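As stored in input.txt (compact mmCIF, N, CA and C atoms):
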```txt
# COMPACT_ATOMS: atom_id res chain seq x y z
N MET A 10 106.01 136.00 92.70
CA MET A 10 106.64 135.34 93.82
C MET A 10 106.13 133.91 93.98
N GLU A 11 104.88 133.69 93.56
CA GLU A 11 104.30 132.35 93.64
C GLU A 11 105.09 131.36 92.78
N TYR A 12 105.52 131.80 91.61
CA TYR A 12 106.30 130.93 90.72
C TYR A 12 107.67 130.61 91.31
N VAL A 13 108.26 131.59 91.97
CA VAL A 13 109.57 131.39 92.57
C VAL A 13 109.49 130.36 93.70
N ARG A 14 108.45 130.48 94.55
CA ARG A 14 108.27 129.50 95.64
C ARG A 14 108.03 128.10 95.07
N ALA A 15 107.21 128.00 94.02
CA ALA A 15 106.95 126.69 93.42
C ALA A 15 108.22 126.10 92.83
N PHE A 16 109.00 126.92 92.15
CA PHE A 16 110.25 126.45 91.55
C PHE A 16 111.24 126.01 92.62
N LEU A 17 111.39 126.82 93.66
CA LEU A 17 112.35 126.48 94.71
C LEU A 17 111.93 125.23 95.49
N ALA A 18 110.66 125.13 95.84
CA ALA A 18 110.19 123.98 96.61
C ALA A 18 110.28 122.69 95.78
N GLY A 19 109.77 122.73 94.57
CA GLY A 19 109.82 121.54 93.71
C GLY A 19 111.24 121.17 93.33
N GLY A 20 112.06 122.17 93.04
CA GLY A 20 113.44 121.90 92.68
C GLY A 20 114.24 121.35 93.84
N LEU A 21 114.02 121.89 95.03
CA LEU A 21 114.73 121.38 96.20
C LEU A 21 114.31 119.95 96.52
N LEU A 22 113.02 119.69 96.43
CA LEU A 22 112.52 118.33 96.68
C LEU A 22 113.11 117.34 95.67
N CYS A 23 113.12 117.71 94.41
CA CYS A 23 113.68 116.83 93.38
C CYS A 23 115.19 116.67 93.53
N ALA A 24 115.89 117.73 93.92
CA ALA A 24 117.34 117.63 94.13
C ALA A 24 117.67 116.70 95.28
N ILE A 25 116.89 116.78 96.36
CA ILE A 25 117.12 115.89 97.50
C ILE A 25 116.88 114.44 97.10
N VAL A 26 115.82 114.20 96.36
CA VAL A 26 115.52 112.83 95.91
C VAL A 26 116.62 112.32 94.98
N GLN A 27 117.10 113.18 94.09
CA GLN A 27 118.17 112.76 93.18
C GLN A 27 119.45 112.43 93.95
N LEU A 28 119.75 113.20 94.96
CA LEU A 28 120.92 112.89 95.80
C LEU A 28 120.75 111.56 96.53
N ILE A 29 119.53 111.28 97.00
CA ILE A 29 119.27 110.00 97.65
C ILE A 29 119.49 108.85 96.68
N ILE A 30 119.06 109.02 95.45
CA ILE A 30 119.23 107.96 94.45
C ILE A 30 120.71 107.81 94.08
N ASP A 31 121.40 108.94 93.87
CA ASP A 31 122.80 108.89 93.44
C ASP A 31 123.75 108.43 94.54
N ARG A 32 123.58 108.95 95.73
CA ARG A 32 124.53 108.68 96.82
C ARG A 32 124.13 107.49 97.70
N GLY A 33 122.85 107.21 97.76
CA GLY A 33 122.37 106.14 98.62
C GLY A 33 122.31 104.81 97.88
N LYS A 34 121.76 103.85 98.54
CA LYS A 34 121.62 102.52 97.94
C LYS A 34 120.17 102.23 97.57
N TRP A 35 119.40 103.29 97.39
CA TRP A 35 118.00 103.16 97.04
C TRP A 35 117.86 103.03 95.53
N THR A 36 116.90 102.26 95.11
CA THR A 36 116.58 102.19 93.68
C THR A 36 115.57 103.30 93.38
N PRO A 37 115.48 103.72 92.13
CA PRO A 37 114.47 104.74 91.80
C PRO A 37 113.04 104.29 92.13
N ALA A 38 112.76 103.01 91.95
CA ALA A 38 111.41 102.52 92.28
C ALA A 38 111.16 102.60 93.78
N GLY A 39 112.15 102.28 94.58
CA GLY A 39 112.00 102.37 96.04
C GLY A 39 111.78 103.80 96.51
N VAL A 40 112.49 104.73 95.88
CA VAL A 40 112.32 106.13 96.23
C VAL A 40 110.93 106.61 95.80
N ALA A 41 110.46 106.17 94.63
CA ALA A 41 109.14 106.58 94.15
C ALA A 41 108.04 106.10 95.09
N VAL A 42 108.12 104.85 95.49
CA VAL A 42 107.12 104.30 96.42
C VAL A 42 107.18 105.03 97.75
N THR A 43 108.38 105.31 98.23
CA THR A 43 108.53 106.02 99.50
C THR A 43 107.93 107.42 99.42
N LEU A 44 108.12 108.11 98.30
CA LEU A 44 107.55 109.45 98.15
C LEU A 44 106.03 109.43 98.16
N VAL A 45 105.43 108.46 97.47
CA VAL A 45 103.97 108.37 97.44
C VAL A 45 103.43 108.07 98.84
N VAL A 46 104.04 107.10 99.53
CA VAL A 46 103.59 106.75 100.88
C VAL A 46 103.81 107.91 101.84
N LEU A 47 104.92 108.61 101.72
CA LEU A 47 105.17 109.78 102.56
C LEU A 47 104.13 110.87 102.29
N GLY A 48 103.78 111.05 101.02
CA GLY A 48 102.74 112.03 100.69
C GLY A 48 101.39 111.66 101.28
N VAL A 49 101.07 110.36 101.32
CA VAL A 49 99.82 109.91 101.93
C VAL A 49 99.82 110.21 103.42
N PHE A 50 100.90 109.83 104.11
CA PHE A 50 100.96 110.06 105.56
C PHE A 50 100.94 111.55 105.89
N LEU A 51 101.70 112.35 105.16
CA LEU A 51 101.70 113.79 105.42
C LEU A 51 100.38 114.44 105.04
N GLY A 52 99.70 113.86 104.03
CA GLY A 52 98.38 114.36 103.65
C GLY A 52 97.35 114.10 104.72
N PHE A 53 97.37 112.91 105.32
CA PHE A 53 96.44 112.61 106.40
C PHE A 53 96.73 113.42 107.65
N SER A 54 98.00 113.70 107.91
CA SER A 54 98.34 114.45 109.12
C SER A 54 98.04 115.94 109.00
N GLY A 55 97.90 116.43 107.77
CA GLY A 55 97.64 117.85 107.56
C GLY A 55 98.89 118.67 107.34
N ALA A 56 100.06 118.06 107.52
CA ALA A 56 101.31 118.80 107.33
C ALA A 56 101.52 119.17 105.87
N TYR A 57 101.09 118.30 104.95
CA TYR A 57 101.29 118.59 103.53
C TYR A 57 100.37 119.70 103.06
N ASP A 58 99.25 119.92 103.75
CA ASP A 58 98.35 121.02 103.39
C ASP A 58 99.07 122.36 103.51
N ARG A 59 99.78 122.54 104.60
CA ARG A 59 100.51 123.79 104.81
C ARG A 59 101.63 123.95 103.79
N PHE A 60 102.34 122.85 103.50
CA PHE A 60 103.41 122.90 102.51
C PHE A 60 102.85 123.21 101.12
N ALA A 61 101.73 122.56 100.76
CA ALA A 61 101.12 122.80 99.45
C ALA A 61 100.57 124.21 99.33
N ALA A 62 100.07 124.76 100.42
CA ALA A 62 99.57 126.14 100.40
C ALA A 62 100.72 127.13 100.17
N TRP A 63 101.88 126.84 100.73
CA TRP A 63 103.03 127.72 100.54
C TRP A 63 103.70 127.52 99.19
N ALA A 64 103.93 126.25 98.81
CA ALA A 64 104.72 125.95 97.61
C ALA A 64 103.90 125.86 96.34
N GLY A 65 102.61 125.68 96.43
CA GLY A 65 101.77 125.58 95.24
C GLY A 65 102.11 124.35 94.42
N ALA A 66 102.33 124.56 93.12
CA ALA A 66 102.61 123.45 92.22
C ALA A 66 103.94 122.77 92.53
N GLY A 67 104.83 123.44 93.20
CA GLY A 67 106.09 122.81 93.58
C GLY A 67 105.90 121.68 94.57
N ALA A 68 104.78 121.67 95.27
CA ALA A 68 104.48 120.60 96.22
C ALA A 68 103.57 119.53 95.63
N THR A 69 102.74 119.92 94.66
CA THR A 69 101.76 118.96 94.14
C THR A 69 102.24 118.21 92.92
N MET A 70 103.26 118.66 92.25
CA MET A 70 103.71 117.97 91.03
C MET A 70 104.63 116.77 91.28
N PRO A 71 105.49 116.76 92.29
CA PRO A 71 106.29 115.55 92.53
C PRO A 71 105.43 114.37 92.98
N LEU A 72 106.02 113.21 93.08
CA LEU A 72 105.28 112.01 93.47
C LEU A 72 104.67 112.11 94.86
N SER A 73 105.27 112.87 95.74
CA SER A 73 104.67 113.06 97.05
C SER A 73 103.33 113.79 96.93
N GLY A 74 103.19 114.64 95.94
CA GLY A 74 101.92 115.31 95.68
C GLY A 74 100.85 114.34 95.23
N PHE A 75 101.23 113.30 94.49
CA PHE A 75 100.27 112.26 94.09
C PHE A 75 99.74 111.53 95.32
N GLY A 76 100.63 111.20 96.24
CA GLY A 76 100.20 110.57 97.48
C GLY A 76 99.32 111.49 98.30
N TYR A 77 99.62 112.78 98.27
CA TYR A 77 98.80 113.77 98.96
C TYR A 77 97.39 113.79 98.39
N PHE A 78 97.25 113.74 97.06
CA PHE A 78 95.93 113.73 96.44
C PHE A 78 95.17 112.44 96.75
N LEU A 79 95.88 111.33 96.84
CA LEU A 79 95.23 110.08 97.24
C LEU A 79 94.66 110.20 98.65
N ALA A 80 95.43 110.78 99.56
CA ALA A 80 94.96 110.95 100.94
C ALA A 80 93.81 111.93 101.02
N LYS A 81 93.84 113.01 100.26
CA LYS A 81 92.78 114.00 100.31
C LYS A 81 91.47 113.43 99.78
N GLY A 82 91.54 112.51 98.83
CA GLY A 82 90.31 111.89 98.33
C GLY A 82 89.60 111.09 99.40
N VAL A 83 90.36 110.38 100.21
CA VAL A 83 89.77 109.59 101.29
C VAL A 83 89.36 110.48 102.45
N ALA A 84 90.18 111.46 102.79
CA ALA A 84 89.89 112.33 103.92
C ALA A 84 88.67 113.20 103.67
N GLY A 85 88.42 113.54 102.42
CA GLY A 85 87.26 114.37 102.09
C GLY A 85 85.96 113.60 102.03
N GLU A 86 86.03 112.31 102.01
CA GLU A 86 84.84 111.45 101.93
C GLU A 86 84.30 111.20 103.33
N PRO A 87 82.99 111.34 103.53
CA PRO A 87 82.44 111.06 104.86
C PRO A 87 82.35 109.57 105.14
N GLN A 88 83.32 109.05 105.87
CA GLN A 88 83.37 107.65 106.33
C GLN A 88 83.06 106.63 105.23
N PRO A 89 83.98 106.41 104.28
CA PRO A 89 83.73 105.37 103.28
C PRO A 89 83.64 104.00 103.95
N ARG A 90 82.64 103.21 103.54
CA ARG A 90 82.45 101.88 104.12
C ARG A 90 82.79 100.85 103.05
N GLY A 91 83.67 99.97 103.41
CA GLY A 91 84.02 98.88 102.51
C GLY A 91 85.15 99.23 101.56
N LEU A 92 85.63 98.20 100.91
CA LEU A 92 86.78 98.35 100.01
C LEU A 92 86.43 99.14 98.76
N MET A 93 85.26 98.92 98.19
CA MET A 93 84.89 99.62 96.96
C MET A 93 84.71 101.12 97.19
N GLU A 94 84.06 101.50 98.27
CA GLU A 94 83.87 102.93 98.55
C GLU A 94 85.20 103.61 98.87
N THR A 95 86.08 102.91 99.57
CA THR A 95 87.38 103.48 99.88
C THR A 95 88.20 103.64 98.60
N GLY A 96 88.16 102.64 97.72
CA GLY A 96 88.87 102.75 96.44
C GLY A 96 88.33 103.87 95.58
N ALA A 97 87.01 104.03 95.57
CA ALA A 97 86.42 105.13 94.81
C ALA A 97 86.81 106.48 95.40
N ALA A 98 86.87 106.56 96.73
CA ALA A 98 87.25 107.81 97.38
C ALA A 98 88.71 108.15 97.11
N VAL A 99 89.56 107.14 97.06
CA VAL A 99 90.99 107.37 96.80
C VAL A 99 91.17 108.04 95.45
N PHE A 100 90.46 107.57 94.45
CA PHE A 100 90.68 108.09 93.09
C PHE A 100 89.71 109.20 92.71
N ARG A 101 88.95 109.72 93.67
CA ARG A 101 88.06 110.83 93.36
C ARG A 101 88.86 112.05 92.93
N LEU A 102 89.91 112.40 93.65
CA LEU A 102 90.76 113.52 93.27
C LEU A 102 91.91 113.09 92.36
N ALA A 103 92.47 111.93 92.63
CA ALA A 103 93.63 111.49 91.87
C ALA A 103 93.25 110.88 90.53
N GLY A 104 91.99 110.57 90.33
CA GLY A 104 91.56 109.96 89.07
C GLY A 104 91.80 110.85 87.87
N ALA A 105 91.55 112.15 88.04
CA ALA A 105 91.80 113.09 86.95
C ALA A 105 93.28 113.15 86.62
N LEU A 106 94.11 113.07 87.63
CA LEU A 106 95.56 113.09 87.42
C LEU A 106 96.01 111.84 86.67
N VAL A 107 95.49 110.69 87.06
CA VAL A 107 95.84 109.43 86.39
C VAL A 107 95.35 109.47 84.94
N ALA A 108 94.14 109.96 84.70
CA ALA A 108 93.60 110.05 83.34
C ALA A 108 94.46 110.97 82.48
N PHE A 109 94.91 112.09 83.05
CA PHE A 109 95.77 113.01 82.31
C PHE A 109 97.10 112.35 81.96
N MET A 110 97.67 111.59 82.90
CA MET A 110 98.94 110.91 82.63
C MET A 110 98.79 109.86 81.53
N VAL A 111 97.71 109.11 81.55
CA VAL A 111 97.49 108.09 80.53
C VAL A 111 97.27 108.74 79.16
N ALA A 112 96.45 109.79 79.11
CA ALA A 112 96.20 110.47 77.85
C ALA A 112 97.48 111.13 77.32
N GLY A 113 98.24 111.75 78.21
CA GLY A 113 99.50 112.36 77.78
C GLY A 113 100.49 111.35 77.27
N SER A 114 100.55 110.19 77.90
CA SER A 114 101.45 109.13 77.44
C SER A 114 101.02 108.61 76.08
N PHE A 115 99.72 108.50 75.87
CA PHE A 115 99.21 108.04 74.57
C PHE A 115 99.56 109.03 73.47
N VAL A 116 99.37 110.31 73.72
CA VAL A 116 99.70 111.34 72.72
C VAL A 116 101.21 111.34 72.46
N ALA A 117 102.03 111.21 73.51
CA ALA A 117 103.47 111.17 73.31
C ALA A 117 103.88 109.94 72.50
N ALA A 118 103.20 108.81 72.70
CA ALA A 118 103.50 107.61 71.92
C ALA A 118 103.12 107.78 70.46
N LEU A 119 102.08 108.53 70.19
CA LEU A 119 101.69 108.79 68.79
C LEU A 119 102.68 109.73 68.09
N ILE A 120 103.21 110.69 68.81
CA ILE A 120 104.10 111.68 68.22
C ILE A 120 105.52 111.14 68.07
N CYS A 121 106.02 110.46 69.09
CA CYS A 121 107.40 109.99 69.11
C CYS A 121 107.53 108.64 68.43
N LYS A 122 108.72 108.36 67.93
CA LYS A 122 108.99 107.06 67.34
C LYS A 122 109.50 106.11 68.40
N PRO A 123 108.83 104.97 68.57
CA PRO A 123 109.31 104.02 69.58
C PRO A 123 110.63 103.36 69.15
N LYS A 124 111.44 102.99 70.11
CA LYS A 124 112.73 102.35 69.82
C LYS A 124 112.60 100.86 69.65
N GLY A 125 111.57 100.27 70.21
CA GLY A 125 111.46 98.82 70.23
C GLY A 125 110.62 98.24 69.24
```

Take the structure in the file and give it back as structure tokens.
Amino acid sequence: MEYVRAFLAGGLLCAIVQLIIDRGKWTPAGVAVTLVVLGVFLGFSGAYDRFAAWAGAGATMPLSGFGYFLAKGVAGEPQPRGLMETGAAVFRLAGALVAFMVAGSFVAALICKPKG
């Protein structure tokens, strides 16, 4: 049942975003930035915690989940002081995700033939 909830939540979220891109006047970059910022705000408010607990990977894999991880890194840190400590706290949880994306992109570039 956990897989079904993750599939339904992630699929519904992605379908709504695709409809916004197709039917609205938003660019994909604008929607991406909005999802990350929305994930940060919902992560700080605690609303995304309940959604992530119910939906599992369906909530954490979209871009809103990346914003949620950025917020959780800062919220879990006891009062970061200054810009450097806040930046380090932001990427404490999200740093592993960014490293995985960079490594995965590198491996995909080695395997696939570039067009350019």

Can you work out the spacing between CA of Pro123 (chain A) and CA of Val107 (chain A) in Å, to one decimal?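 Going from CA of Pro123 (chain A) over to CA of Val107 (chain A) covers 22.2 Å.
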
What lies within 12 Å of Val49 (chain A) using only C-alpha atoms, ignoring chain neighbours under 4 positions off, as a PDB file with N, CA and C atoms, in the coordinates of the input?
```pdb
ATOM      1  N   VAL A  42     108.120 104.850  95.490  1.00  0.00           N
ATOM      2  CA  VAL A  42     107.120 104.300  96.420  1.00  0.00           C
ATOM      3  C   VAL A  42     107.180 105.030  97.750  1.00  0.00           C
ATOM      4  N   THR A  43     108.380 105.310  98.230  1.00  0.00           N
ATOM      5  CA  THR A  43     108.530 106.020  99.500  1.00  0.00           C
ATOM      6  C   THR A  43     107.930 107.420  99.420  1.00  0.00           C
ATOM      7  N   LEU A  44     108.120 108.110  98.300  1.00  0.00           N
ATOM      8  CA  LEU A  44     107.550 109.450  98.150  1.00  0.00           C
ATOM      9  C   LEU A  44     106.030 109.430  98.160  1.00  0.00           C
ATOM     10  N   VAL A  45     105.430 108.460  97.470  1.00  0.00           N
ATOM     11  CA  VAL A  45     103.970 108.370  97.440  1.00  0.00           C
ATOM     12  C   VAL A  45     103.430 108.070  98.840  1.00  0.00           C
ATOM     13  N   PHE A  53      97.370 112.910 105.320  1.00  0.00           N
ATOM     14  CA  PHE A  53      96.440 112.610 106.400  1.00  0.00           C
ATOM     15  C   PHE A  53      96.730 113.420 107.650  1.00  0.00           C
ATOM     16  N   SER A  54      98.000 113.700 107.910  1.00  0.00           N
ATOM     17  CA  SER A  54      98.340 114.450 109.120  1.00  0.00           C
ATOM     18  C   SER A  54      98.040 115.940 109.000  1.00  0.00           C
ATOM     19  N   GLY A  55      97.900 116.430 107.770  1.00  0.00           N
ATOM     20  CA  GLY A  55      97.640 117.850 107.560  1.00  0.00           C
ATOM     21  C   GLY A  55      98.890 118.670 107.340  1.00  0.00           C
ATOM     22  N   ALA A  56     100.060 118.060 107.520  1.00  0.00           N
ATOM     23  CA  ALA A  56     101.310 118.800 107.330  1.00  0.00           C
ATOM     24  C   ALA A  56     101.520 119.170 105.870  1.00  0.00           C
ATOM     25  N   TYR A  57     101.090 118.300 104.950  1.00  0.00           N
ATOM     26  CA  TYR A  57     101.290 118.590 103.530  1.00  0.00           C
ATOM     27  C   TYR A  57     100.370 119.700 103.060  1.00  0.00           C
ATOM     28  N   ASP A  58      99.250 119.920 103.750  1.00  0.00           N
ATOM     29  CA  ASP A  58      98.350 121.020 103.390  1.00  0.00           C
ATOM     30  C   ASP A  58      99.070 122.360 103.510  1.00  0.00           C
ATOM     31  N   LEU A  72     106.020 113.210  93.080  1.00  0.00           N
ATOM     32  CA  LEU A  72     105.280 112.010  93.470  1.00  0.00           C
ATOM     33  C   LEU A  72     104.670 112.110  94.860  1.00  0.00           C
ATOM     34  N   SER A  73     105.270 112.870  95.740  1.00  0.00           N
ATOM     35  CA  SER A  73     104.670 113.060  97.050  1.00  0.00           C
ATOM     36  C   SER A  73     103.330 113.790  96.930  1.00  0.00           C
ATOM     37  N   GLY A  74     103.190 114.640  95.940  1.00  0.00           N
ATOM     38  CA  GLY A  74     101.920 115.310  95.680  1.00  0.00           C
ATOM     39  C   GLY A  74     100.850 114.340  95.230  1.00  0.00           C
ATOM     40  N   PHE A  75     101.230 113.300  94.490  1.00  0.00           N
ATOM     41  CA  PHE A  75     100.270 112.260  94.090  1.00  0.00           C
ATOM     42  C   PHE A  75      99.740 111.530  95.320  1.00  0.00           C
ATOM     43  N   GLY A  76     100.630 111.200  96.240  1.00  0.00           N
ATOM     44  CA  GLY A  76     100.200 110.570  97.480  1.00  0.00           C
ATOM     45  C   GLY A  76      99.320 111.490  98.300  1.00  0.00           C
ATOM     46  N   TYR A  77      99.620 112.780  98.270  1.00  0.00           N
ATOM     47  CA  TYR A  77      98.800 113.770  98.960  1.00  0.00           C
ATOM     48  C   TYR A  77      97.390 113.790  98.390  1.00  0.00           C
ATOM     49  N   PHE A  78      97.250 113.740  97.060  1.00  0.00           N
ATOM     50  CA  PHE A  78      95.930 113.730  96.440  1.00  0.00           C
ATOM     51  C   PHE A  78      95.170 112.440  96.750  1.00  0.00           C
ATOM     52  N   LEU A  79      95.880 111.330  96.840  1.00  0.00           N
ATOM     53  CA  LEU A  79      95.230 110.080  97.240  1.00  0.00           C
ATOM     54  C   LEU A  79      94.660 110.200  98.650  1.00  0.00           C
ATOM     55  N   ALA A  80      95.430 110.780  99.560  1.00  0.00           N
ATOM     56  CA  ALA A  80      94.960 110.950 100.940  1.00  0.00           C
ATOM     57  C   ALA A  80      93.810 111.930 101.020  1.00  0.00           C
ATOM     58  N   LYS A  81      93.840 113.010 100.260  1.00  0.00           N
ATOM     59  CA  LYS A  81      92.780 114.000 100.310  1.00  0.00           C
ATOM     60  C   LYS A  81      91.470 113.430  99.780  1.00  0.00           C
ATOM     61  N   GLY A  82      91.540 112.510  98.830  1.00  0.00           N
ATOM     62  CA  GLY A  82      90.310 111.890  98.330  1.00  0.00           C
ATOM     63  C   GLY A  82      89.600 111.090  99.400  1.00  0.00           C
ATOM     64  N   VAL A  83      90.360 110.380 100.210  1.00  0.00           N
ATOM     65  CA  VAL A  83      89.770 109.590 101.290  1.00  0.00           C
ATOM     66  C   VAL A  83      89.360 110.480 102.450  1.00  0.00           C
ATOM     67  N   ALA A  84      90.180 111.460 102.790  1.00  0.00           N
ATOM     68  CA  ALA A  84      89.890 112.330 103.920  1.00  0.00           C
ATOM     69  C   ALA A  84      88.670 113.200 103.670  1.00  0.00           C
ATOM     70  N   VAL A  99      89.560 107.140  97.060  1.00  0.00           N
ATOM     71  CA  VAL A  99      90.990 107.370  96.800  1.00  0.00           C
ATOM     72  C   VAL A  99      91.170 108.040  95.450  1.00  0.00           C
ATOM     73  N   ALA A 103      92.470 111.930  92.630  1.00  0.00           N
ATOM     74  CA  ALA A 103      93.630 111.490  91.870  1.00  0.00           C
ATOM     75  C   ALA A 103      93.250 110.880  90.530  1.00  0.00           C
TER      76      ALA A 103
END
```

Using backbone DSSP assignments, extract all helix (DSSP H, G or I) residues from chain A; output them as a ChimeraX atom specification. /A:11-32,37-54,56-64,66-69,72-84,91-120

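Across the model, the gap from atom N of Leu22 (chain A) to atom N of Gly65 (chain A) is 12.0 Å.
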
Of the residues A:Arg101, A:Cys121, A:Ala64, A:Glu94, which is the one nearest to Glu11 (chain A), using only C-alpha atoms?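 Nearest to Glu11 (chain A): A:Ala64.
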
What is the CA of Val40 (chain A) to CA of Pro71 (chain A) distance in Å?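 It comes out at 11.8 Å.
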